[in-house]
$ cat entry26.txt   # compact mmCIF, C-alpha atoms
# COMPACT_ATOMS: atom_id res chain seq x y z
CA MET A 1359 91.12 109.32 194.05
CA ASN A 1360 93.03 106.04 194.42
CA CYS A 1361 96.46 105.92 192.85
CA ILE A 1362 99.61 103.83 192.52
CA ILE A 1363 103.22 104.79 191.80
CA ILE A 1364 105.45 102.88 189.40
CA ASP A 1365 109.13 103.86 189.39
CA ASP A 1366 112.27 101.76 189.67
CA GLU A 1367 113.93 104.53 191.72
CA ALA A 1368 113.09 104.45 195.45
CA THR A 1369 113.95 108.15 195.77
CA ALA A 1370 111.38 109.05 193.11
CA ARG A 1371 108.69 106.91 194.74
CA ALA A 1372 109.32 108.58 198.10
CA ILE A 1373 109.15 112.06 196.55
CA ILE A 1374 105.87 111.40 194.74
CA ALA A 1375 104.38 109.88 197.89
CA GLN A 1376 105.38 113.00 199.82
CA LEU A 1377 103.86 115.29 197.18
CA CYS A 1378 100.63 113.29 197.39
CA THR A 1379 100.32 114.13 201.09
CA HIS A 1380 99.58 117.73 200.04
CA ILE A 1381 96.53 116.68 198.02
CA PRO A 1382 93.31 115.95 199.93
CA ASN A 1383 91.54 112.70 199.01
CA LEU A 1384 94.47 111.37 196.99
CA ASN A 1385 95.20 107.90 198.36
CA ILE A 1386 98.30 105.94 197.44
CA LEU A 1387 97.26 102.30 197.44
CA GLU A 1388 100.66 100.84 196.55
CA ASP A 1389 103.97 101.66 194.92
CA PHE A 1390 105.96 99.39 192.65
CA PRO A 1391 109.62 99.28 191.54
CA ASN A 1392 108.68 97.71 188.20
CA ALA A 1393 105.80 97.51 185.76
CA MET A 1394 105.35 93.74 186.02
CA GLN A 1395 104.34 93.86 189.67
CA ALA A 1396 101.96 96.71 188.91
CA ILE A 1397 100.28 94.78 186.09
CA LYS A 1398 99.61 91.89 188.46
CA TYR A 1399 98.16 94.33 190.99
CA LEU A 1400 95.94 95.98 188.37
CA ASN A 1401 94.52 92.60 187.38
CA GLN A 1402 92.88 92.43 190.80
CA ASN A 1403 92.48 96.05 191.91
CA GLU A 1404 90.91 99.19 190.53
CA VAL A 1405 92.87 102.42 190.52
CA GLU A 1406 91.97 105.79 189.06
CA LEU A 1407 95.41 107.29 188.60
CA ILE A 1408 98.94 106.00 188.01
CA PHE A 1409 102.18 107.92 188.41
CA LEU A 1410 104.37 106.19 185.87
CA ASP A 1411 108.09 106.47 185.13
CA ILE A 1412 109.06 106.05 181.48
CA HIS A 1413 112.65 104.82 181.82
CA MET A 1414 112.60 101.49 183.58
CA PRO A 1415 114.75 98.47 182.82
CA ASP A 1416 113.18 95.61 180.80
CA PHE A 1417 109.72 97.14 180.58
CA THR A 1418 109.30 100.86 179.90
CA GLY A 1419 106.38 103.05 180.87
CA PHE A 1420 105.10 102.99 177.28
CA ASP A 1421 105.36 99.17 177.17
CA PHE A 1422 103.31 99.15 180.36
CA ILE A 1423 100.56 101.35 178.88
CA GLN A 1424 100.30 99.11 175.83
CA ALA A 1425 100.18 95.99 177.99
CA ILE A 1426 97.17 96.95 180.10
CA LYS A 1427 93.62 96.91 178.88
CA ASN A 1428 91.56 100.04 179.63
CA PRO A 1429 94.34 101.92 181.44
CA PRO A 1430 93.31 104.42 184.11
CA LYS A 1431 94.49 108.03 183.96
CA ILE A 1432 98.26 108.28 183.93
CA ILE A 1433 100.68 111.04 184.90
CA LEU A 1434 104.10 110.35 183.44
CA THR A 1435 107.09 111.18 185.61
CA THR A 1436 110.46 111.32 183.90
CA SER A 1437 113.84 113.01 183.76
CA ASP A 1438 113.49 113.17 180.01
CA PRO A 1439 111.36 115.86 178.33
CA LYS A 1440 111.98 114.27 174.92
CA PHE A 1441 108.97 111.97 175.05
CA ALA A 1442 106.32 114.64 175.65
CA ILE A 1443 104.91 114.52 172.13
CA GLU A 1444 104.76 110.72 172.08
CA ALA A 1445 103.14 110.76 175.52
CA PHE A 1446 100.12 112.76 174.45
CA GLU A 1447 99.31 110.29 171.71
CA TYR A 1448 97.87 108.17 174.52
CA GLU A 1449 94.36 109.11 175.57
CA CYS A 1450 94.99 107.95 179.14
CA ILE A 1451 97.96 110.28 179.76
CA VAL A 1452 96.79 113.46 181.42
CA ASP A 1453 100.12 115.11 182.17
CA TYR A 1454 103.88 114.79 181.88
CA LEU A 1455 106.03 115.78 184.86
CA VAL A 1456 109.75 116.32 184.46
CA LYS A 1457 111.84 115.43 187.52
CA PRO A 1458 112.66 116.93 189.94
CA ILE A 1459 108.96 117.51 190.53
CA VAL A 1460 107.94 120.59 192.50
CA LEU A 1461 104.68 120.96 194.40
CA PRO A 1462 102.97 123.71 192.31
CA ARG A 1463 103.52 121.72 189.10
CA PHE A 1464 102.39 118.53 190.82
CA GLU A 1465 99.17 120.20 192.00
CA LYS A 1466 98.47 121.36 188.44
CA ALA A 1467 98.86 117.79 187.15
CA ILE A 1468 96.46 116.50 189.79
CA GLN A 1469 93.91 119.13 188.76
CA LYS A 1470 94.14 117.89 185.18
CA ALA A 1471 93.68 114.31 186.36
CA LEU A 1472 90.63 115.26 188.43
CA VAL A 1473 89.02 117.03 185.49
CA SER A 1474 89.80 114.09 183.25
CA VAL A 1475 88.44 111.48 185.68
CA SER A 1476 85.20 113.37 186.25
CA LYS A 1477 84.60 114.23 182.58
CA PRO A 1478 81.97 111.94 181.05
CA LYS A 1479 83.08 110.32 177.82
CA ASP A 1480 81.15 111.36 174.73
CA ASN A 1481 80.14 108.88 172.05
CA LEU A 1482 83.01 109.85 169.78
CA GLU A 1483 85.58 109.20 172.52
CA ILE A 1484 84.03 105.84 173.31
CA SER A 1485 83.97 104.74 169.70
CA LEU A 1486 87.56 105.92 169.19
CA GLU A 1487 88.65 103.97 172.26
CA LYS A 1488 86.94 100.86 170.98
CA LYS A 1489 88.59 101.31 167.61
CA GLU A 1490 91.97 101.74 169.30
CA ILE A 1491 91.51 98.55 171.33
CA ASN A 1492 90.26 96.54 168.40
CA SER A 1493 93.00 97.65 166.04
CA GLY A 1494 95.79 96.46 168.39
CA ASN A 1495 98.01 93.95 166.65
CA ASP A 1496 99.95 92.86 169.71
CA LEU A 1497 99.32 90.37 172.45
CA TYR A 1498 101.40 90.28 175.63
CA VAL A 1499 101.94 86.91 177.30
CA ASN A 1500 103.41 86.29 180.73
CA ILE A 1501 106.37 83.91 180.55
CA ASP A 1502 108.80 83.54 183.45
CA ARG A 1503 107.65 86.85 184.94
CA ARG A 1504 108.29 88.71 181.68
CA LEU A 1505 105.64 90.06 179.37
CA ILE A 1506 106.54 88.98 175.86
CA LYS A 1507 104.97 90.82 172.94
CA ILE A 1508 103.55 88.63 170.18
CA ASP A 1509 102.46 90.02 166.83
CA ILE A 1510 98.92 88.61 166.53
CA PRO A 1511 98.86 88.06 162.73
CA SER A 1512 102.05 85.97 163.05
CA ILE A 1513 100.23 83.43 165.24
CA TYR A 1514 99.17 80.43 163.18
CA LEU A 1515 98.12 77.97 165.87
CA VAL A 1516 97.16 77.84 169.55
CA GLU A 1517 97.01 74.45 171.23
CA ALA A 1518 95.63 73.66 174.69
CA LYS A 1519 97.95 71.51 176.80
CA GLY A 1520 96.53 70.94 180.27
CA ASP A 1521 96.92 74.12 182.33
CA TYR A 1522 98.98 75.68 179.54
CA ILE A 1523 98.54 76.75 175.96
CA GLN A 1524 101.15 76.63 173.26
CA VAL A 1525 101.14 79.65 170.97
CA LYS A 1526 102.89 78.95 167.66
CA THR A 1527 104.03 81.87 165.54
CA GLU A 1528 106.09 82.28 162.37
CA GLY A 1529 109.23 82.79 164.45
CA ASN A 1530 108.72 81.16 167.85
CA ASN A 1531 106.63 78.88 170.00
CA TYR A 1532 105.49 80.11 173.42
CA THR A 1533 104.16 78.00 176.28
CA VAL A 1534 101.90 80.15 178.43
CA HIS A 1535 99.97 79.42 181.62
CA SER A 1536 96.48 80.26 180.35
CA THR A 1537 93.38 78.75 178.78
CA LEU A 1538 92.17 78.47 175.22
CA LYS A 1539 89.06 80.44 176.17
CA LYS A 1540 91.10 83.39 177.47
CA ILE A 1541 93.25 83.68 174.36
CA GLU A 1542 90.24 83.15 172.10
CA ASP A 1543 88.67 86.27 173.62
CA LYS A 1544 91.82 88.28 172.83
CA LEU A 1545 92.22 87.19 169.21
CA PRO A 1546 90.35 88.89 166.34
CA LYS A 1547 87.35 86.80 165.30
CA ASN A 1548 87.83 87.52 161.60
CA LEU A 1549 91.28 85.91 161.65
CA PHE A 1550 91.05 83.10 164.18
CA LEU A 1551 88.69 80.18 164.63
CA LYS A 1552 88.41 77.47 167.24
CA VAL A 1553 88.21 74.31 165.15
CA HIS A 1554 88.48 71.82 167.98
CA ARG A 1555 88.25 71.99 171.77
CA SER A 1556 92.07 72.00 171.90
CA TYR A 1557 92.93 74.11 168.86
CA ILE A 1558 92.50 77.65 167.55
CA ILE A 1559 93.85 78.29 164.07
CA ASN A 1560 94.65 81.35 161.99
CA ILE A 1561 92.42 80.88 158.95
CA GLN A 1562 94.80 82.77 156.68
CA LYS A 1563 97.56 80.26 157.39
CA ILE A 1564 95.65 77.17 156.22
CA ILE A 1565 97.48 75.23 153.53
CA ASP A 1566 94.80 72.64 152.83
CA ILE A 1567 91.76 70.94 154.30
CA GLU A 1568 91.13 67.24 154.12
CA ASP A 1569 88.07 65.54 155.58
CA ASN A 1570 88.14 66.46 159.24
CA SER A 1571 91.56 68.05 159.47
CA VAL A 1572 93.44 71.14 158.31
CA LEU A 1573 97.09 71.48 157.46
CA ILE A 1574 98.77 74.57 158.91
CA LYS A 1575 102.52 74.78 158.37
CA LYS A 1576 103.55 71.23 159.25
CA ASP A 1577 100.77 70.68 161.78
CA VAL A 1578 97.75 68.58 160.96
CA ILE A 1579 94.92 69.85 163.15
CA PRO A 1580 91.66 67.98 163.77
CA VAL A 1581 88.43 69.81 163.03
CA SER A 1582 85.50 68.76 165.18
CA ARG A 1583 82.22 68.02 163.48
CA SER A 1584 80.43 70.89 165.22
CA ASN A 1585 83.05 73.46 164.13
CA ARG A 1586 83.39 72.33 160.53
CA PRO A 1587 80.36 74.29 159.16
CA GLU A 1588 81.75 77.57 160.57
CA LEU A 1589 85.17 76.83 159.06
CA MET A 1590 83.67 76.10 155.67
CA LYS A 1591 81.61 79.29 155.85
CA ARG A 1592 84.76 81.33 156.36
CA LEU A 1593 86.54 79.93 153.32
CA ASN A 1594 86.48 81.62 149.95
CA LEU A 1595 85.27 78.54 148.08
CA LEU A 1596 85.20 78.35 144.32
CA MET B 1063 132.48 123.79 190.11
CA GLU B 1064 129.04 124.24 191.71
CA ALA B 1065 128.36 122.68 195.09
CA PRO B 1066 125.52 120.31 195.96
CA ASN B 1067 122.81 121.67 198.25
CA LEU B 1068 119.62 120.67 200.02
CA SER B 1069 117.35 123.42 198.63
CA TYR B 1070 115.05 121.04 196.77
CA ILE B 1071 114.91 118.51 199.61
CA ASN B 1072 114.19 121.29 202.13
CA SER B 1073 111.44 122.79 200.02
CA LEU B 1074 109.90 119.35 199.47
CA SER B 1075 110.08 118.47 203.17
CA GLY B 1076 108.77 121.74 204.61
CA ASN B 1077 108.54 121.10 208.32
CA ASP B 1078 108.40 117.34 207.87
CA GLU B 1079 111.77 116.42 209.38
CA ALA B 1080 110.91 112.73 209.43
CA PHE B 1081 110.39 112.72 205.66
CA LYS B 1082 113.60 114.70 205.11
CA THR B 1083 115.60 112.17 207.12
CA ARG B 1084 113.95 109.26 205.33
CA LEU B 1085 114.58 110.74 201.88
CA ILE B 1086 118.23 111.43 202.65
CA ASP B 1087 118.61 107.87 203.95
CA ILE B 1088 117.13 106.51 200.72
CA ILE B 1089 119.50 108.65 198.64
CA LYS B 1090 122.46 107.47 200.73
CA ILE B 1091 121.55 103.87 199.95
CA GLU B 1092 120.48 104.30 196.34
CA LEU B 1093 123.11 106.69 194.97
CA PRO B 1094 126.15 104.41 195.57
CA LYS B 1095 124.28 101.51 193.93
CA GLU B 1096 123.42 103.59 190.87
CA ILE B 1097 127.01 104.80 190.63
CA GLN B 1098 128.31 101.23 190.90
CA ASN B 1099 125.96 100.10 188.12
CA TYR B 1100 127.30 102.92 185.96
CA VAL B 1101 130.94 102.07 186.80
CA ASN B 1102 130.38 98.40 185.94
CA ASN B 1103 128.72 99.17 182.62
CA ILE B 1104 131.25 101.78 181.54
CA ALA B 1105 134.11 99.40 182.43
CA ALA B 1106 132.48 96.66 180.36
CA GLY B 1107 131.93 99.02 177.43
CA ASN B 1108 128.14 98.68 177.71
CA PHE B 1109 127.36 102.14 176.35
CA LYS B 1110 123.60 101.79 176.12
CA GLU B 1111 123.30 100.47 179.67
CA ALA B 1112 125.72 103.14 180.94
CA ALA B 1113 123.54 105.80 179.26
CA ALA B 1114 120.52 104.40 181.13
CA ASN B 1115 122.52 104.61 184.39
CA VAL B 1116 123.45 108.23 183.66
CA HIS B 1117 119.79 108.92 182.93
CA LYS B 1118 118.83 107.61 186.36
CA LEU B 1119 121.63 109.57 188.03
CA LYS B 1120 120.34 112.79 186.48
CA HIS B 1121 117.47 112.75 188.94
CA LYS B 1122 119.84 112.59 191.91
CA ILE B 1123 121.95 115.35 190.36
CA SER B 1124 118.89 117.59 190.11
CA ILE B 1125 117.69 116.70 193.62
CA LEU B 1126 121.04 117.89 194.95
CA GLY B 1127 120.61 121.20 193.13
CA LEU B 1128 123.43 120.71 190.60
CA GLU B 1129 121.95 122.56 187.65
CA GLU B 1130 125.10 122.90 185.54
CA SER B 1131 126.11 119.33 186.27
CA TYR B 1132 122.70 118.20 185.07
CA LYS B 1133 123.50 119.68 181.65
CA VAL B 1134 126.82 117.81 181.59
CA ALA B 1135 124.97 114.56 182.44
CA GLU B 1136 122.46 115.22 179.66
CA SER B 1137 125.25 115.66 177.10
CA TYR B 1138 127.09 112.63 178.42
CA GLU B 1139 123.96 110.47 178.17
CA ASP B 1140 123.61 111.49 174.51
CA SER B 1141 127.33 110.87 173.89
CA LEU B 1142 127.14 107.37 175.38
CA LEU B 1143 124.24 106.54 173.10
CA GLU B 1144 126.56 107.44 170.23
CA GLN B 1145 129.33 105.22 171.69
CA SER B 1146 131.36 108.25 172.83
CA ARG B 1147 132.80 108.99 176.28
CA ALA B 1148 133.28 112.70 175.61
CA GLU B 1149 132.16 114.01 179.01
CA GLN B 1150 133.30 111.00 181.07
CA VAL B 1151 135.92 112.76 183.20
CA GLU B 1152 133.69 115.74 183.95
CA PHE B 1153 130.73 113.49 184.77
CA GLU B 1154 132.72 111.23 187.05
CA ASN B 1155 133.97 114.29 188.95
CA ILE B 1156 130.32 115.19 189.56
CA LEU B 1157 129.75 111.70 190.95
CA LYS B 1158 132.71 112.13 193.31
CA ILE B 1159 131.36 115.46 194.56
CA MET B 1160 127.91 113.97 195.14
CA THR B 1161 129.33 110.92 196.91
CA SER B 1162 131.40 113.13 199.16
CA PHE B 1163 128.43 115.42 199.87
CA ILE B 1164 126.04 112.67 200.97
CA THR B 1165 128.50 111.55 203.63
CA THR B 1166 128.20 115.00 205.23
CA ILE B 1167 124.40 115.14 205.47

$ encode --input "entry26.txt" --output "C-alpha cells"
Amino acid sequence: MNCIIIDDEATARAIIAQLCTHIPNLNILEDFPNAMQAIKYLNQNEVELIFLDIHMPDFTGFDFIQAIKNPPKIILTTSDPKFAIEAFEYECIVDYLVKPIVLPRFEKAIQKALVSVSKPKDNLEISLEKKEINSGNDLYVNIDRRLIKIDIPSIYLVEAKGDYIQVKTEGNNYTVHSTLKKIEDKLPKNLFLKVHRSYIINIQKIIDIEDNSVLIKKDVIPVSRSNRPELMKRLNLL
Amino acid sequence: MEAPNLSYINSLSGNDEAFKTRLIDIIKIELPKEIQNYVNNIAAGNFKEAAANVHKLKHKISILGLEESYKVAESYEDSLLEQSRAEQVEFENILKIMTSFITTI
C-alpha cells in the first residue's frame, strides 16, 4: 500500500515513518510539511493512504480533505481528540490516531485501512459518493500558492483571459491560472452556461438579455450565435 | 514536578539506535523553534496563534513522557482560546524543564 504523510511537525513525520517500517508492504512515497505541497503531488501521483495531521497553519487537515477530489483512505493523526466525531463524517477517514502514537494502535489503524481499501464499494456507497461530490457548493482555486475557497452560487461570471481566467463573485474577483474548459467541468450545469468562447455565466444572475448579449451585474456579455438557443431554452419565458 | 524521560522514544526506537539519534536531533532543532513561536505570539498578545503553538508543543510534551504537564498544556490551550493566561507560569516552567532536558540527551 502506497502512502504519504502530511504534518507540519518534522518530529511527527519521523515518528510515523518509523512506525511504518513495522508494517510489511506499506511504502511511504513522500512526506509533506503542508497540505498545499501534498495537493500538488496528488494531482500527479496515486496514493492509497494518507496520514494527515488536522492542526496545520493556513490549511487544516479538514480543508485538505474538502479540497481534493476522490480522496484516498485517510488516517488522521492529531494531538486533539475533540475532532473524532467530525472526522468520521468523512467516508475516506478510516481511523483517528491521537499523538503520541504507539505501535499497537498504529497497527490496528493500518488493519482498518487495509480492510477499507480492499472492500469493494456497493452501489449505495457509490451513489452516495456521487451525491456528496455533486452537492458540493465550494470550489478551491490556487492563487499565489494558497487554495482559496469560493462559494459556487456566488460566482456570476467567468471570463477567459489568455492563460488565466477571471472568476467574478458577489464579493471578489479572482484571477486564476486555468482554462475556461477546466472550470466549466467543475461548475454545476444547471446553474452555469458557456455563452461565448470566452465567457461562462451564472444563469440566475442575468438581469436582462438584448439581442446577442446578456447583462450580468454591470457586465455586458456577448452571446455567440451557436450558444443562444441553449440559453433561451434555459430561461423561464412567458 | 515530574521529570522528562525517554520511555516513549526508547519504545518507538527498539534497537534502532540510528532512528533514536535522528529523532532526538529533530526534537533538538524543532522544540526551540516551537517555543520561540509561542514566546513571540504570547508577547504580542496573539492568543489564538499562541494556543496553536501550545497545541503543537503538546506533542513534544507527551513524547518526553510528561503526562501531568500535558494536562496543564491542554488547560492552557483552552484558556488562551478564551483570551486568558491562567496557566502561563506553570506552562512556561514546563518549557524550561524540557529545554534543559534536551541539552542533556

$ closest_residue --input "entry26.txt" --among "B:Phe1163, B:Leu1119, B:Lys1158, B:Leu1142" --to "Ile1104 of chain B" --atoms "all atoms listed in the file"
B:Leu1142

$ closest_residue --input "entry26.txt" --among "B:Ala1148, B:Ile1091, B:Leu1157, B:Ala1080" --to "Leu1126 of chain B" --atoms "all atoms listed in the file"
B:Leu1157

$ closest_residue --input "entry26.txt" --among "B:Ile1086, B:Val1134, B:Ile1097, B:Ile1123" --to "Leu1074 of chain B" --atoms "all atoms listed in the file"
B:Ile1086

$ interface_residues --input "entry26.txt" --of "chain B" --to "chain A" --cutoff "7 Å" --atoms "only C-alpha atoms" --output "PyMOL selection string"
chain B and resi 1085+1088-1089+1121+1124-1125

$ atom_distance --input "entry26.txt" --atom1 "atom CA of Lys1090 of chain B" --atom2 "atom CA of Ile1167 of chain B"
9.2 Å

$ closest_residue --input "entry26.txt" --among "A:Asn1385, A:Thr1527, A:Ser1571, A:Ser1556" --to "Leu1407 of chain A" --atoms "only C-alpha atoms"
A:Asn1385

$ atom_distance --input "entry26.txt" --atom1 "atom CA of Glu1139 of chain B" --atom2 "atom CA of Phe1153 of chain B"
9.9 Å

$ atom_distance --input "entry26.txt" --atom1 "atom CA of Pro1094 of chain B" --atom2 "atom CA of Cys1378 of chain A"
27.1 Å

$ decode --input "entry26.txt" --residues "segment 1533-1588 of chain A" --atoms "C-alpha atoms" --output "compact mmCIF listing (two decimals), in the first residue's frame"
# COMPACT_ATOMS: atom_id res chain seq x y z
CA THR A 1533 -7.57 35.78 -11.38
CA VAL A 1534 -6.61 32.12 -11.65
CA HIS A 1535 -4.13 30.29 -13.87
CA SER A 1536 -6.56 27.87 -15.52
CA THR A 1537 -8.78 27.41 -18.56
CA LEU A 1538 -12.45 28.01 -19.19
CA LYS A 1539 -12.87 24.32 -20.03
CA LYS A 1540 -11.46 23.21 -16.65
CA ILE A 1541 -13.72 25.45 -14.61
CA GLU A 1542 -16.71 24.61 -16.80
CA ASP A 1543 -16.29 20.95 -15.83
CA LYS A 1544 -16.33 21.91 -12.13
CA LEU A 1545 -19.42 24.12 -12.22
CA PRO A 1546 -22.96 22.71 -11.96
CA LYS A 1547 -24.57 22.53 -15.40
CA ASN A 1548 -27.98 23.59 -14.13
CA LEU A 1549 -26.59 26.92 -12.91
CA PHE A 1550 -23.86 27.84 -15.37
CA LEU A 1551 -23.73 28.13 -19.14
CA LYS A 1552 -20.96 28.92 -21.57
CA VAL A 1553 -22.49 31.64 -23.73
CA HIS A 1554 -19.36 32.57 -25.65
CA ARG A 1555 -15.91 31.03 -26.12
CA SER A 1556 -14.58 33.47 -23.50
CA TYR A 1557 -17.48 33.60 -21.05
CA ILE A 1558 -19.39 31.36 -18.66
CA ILE A 1559 -22.32 32.96 -16.87
CA ASN A 1560 -24.49 32.10 -13.89
CA ILE A 1561 -27.96 31.99 -15.41
CA GLN A 1562 -29.62 33.02 -12.16
CA LYS A 1563 -27.69 36.29 -12.14
CA ILE A 1564 -28.91 37.54 -15.53
CA ILE A 1565 -30.53 40.95 -15.34
CA ASP A 1566 -31.63 41.21 -18.96
CA ILE A 1567 -30.97 39.90 -22.44
CA GLU A 1568 -30.76 42.06 -25.50
CA ASP A 1569 -30.10 40.74 -29.00
CA ASN A 1570 -26.80 38.93 -28.72
CA SER A 1571 -25.74 40.00 -25.25
CA VAL A 1572 -26.71 39.50 -21.61
CA LEU A 1573 -26.39 41.94 -18.75
CA ILE A 1574 -24.99 40.44 -15.55
CA LYS A 1575 -24.33 42.91 -12.75
CA LYS A 1576 -22.63 45.71 -14.69
CA ASP A 1577 -21.07 43.42 -17.29
CA VAL A 1578 -22.47 43.16 -20.77
CA ILE A 1579 -21.51 39.72 -22.07
CA PRO A 1580 -21.69 38.67 -25.72
CA VAL A 1581 -23.69 35.56 -26.55
CA SER A 1582 -22.45 33.65 -29.57
CA ARG A 1583 -24.97 32.59 -32.17
CA SER A 1584 -24.36 28.88 -31.54
CA ASN A 1585 -24.94 29.21 -27.77
CA ARG A 1586 -28.02 31.40 -27.94
CA PRO A 1587 -30.58 28.56 -28.46
CA GLU A 1588 -29.33 26.76 -25.32
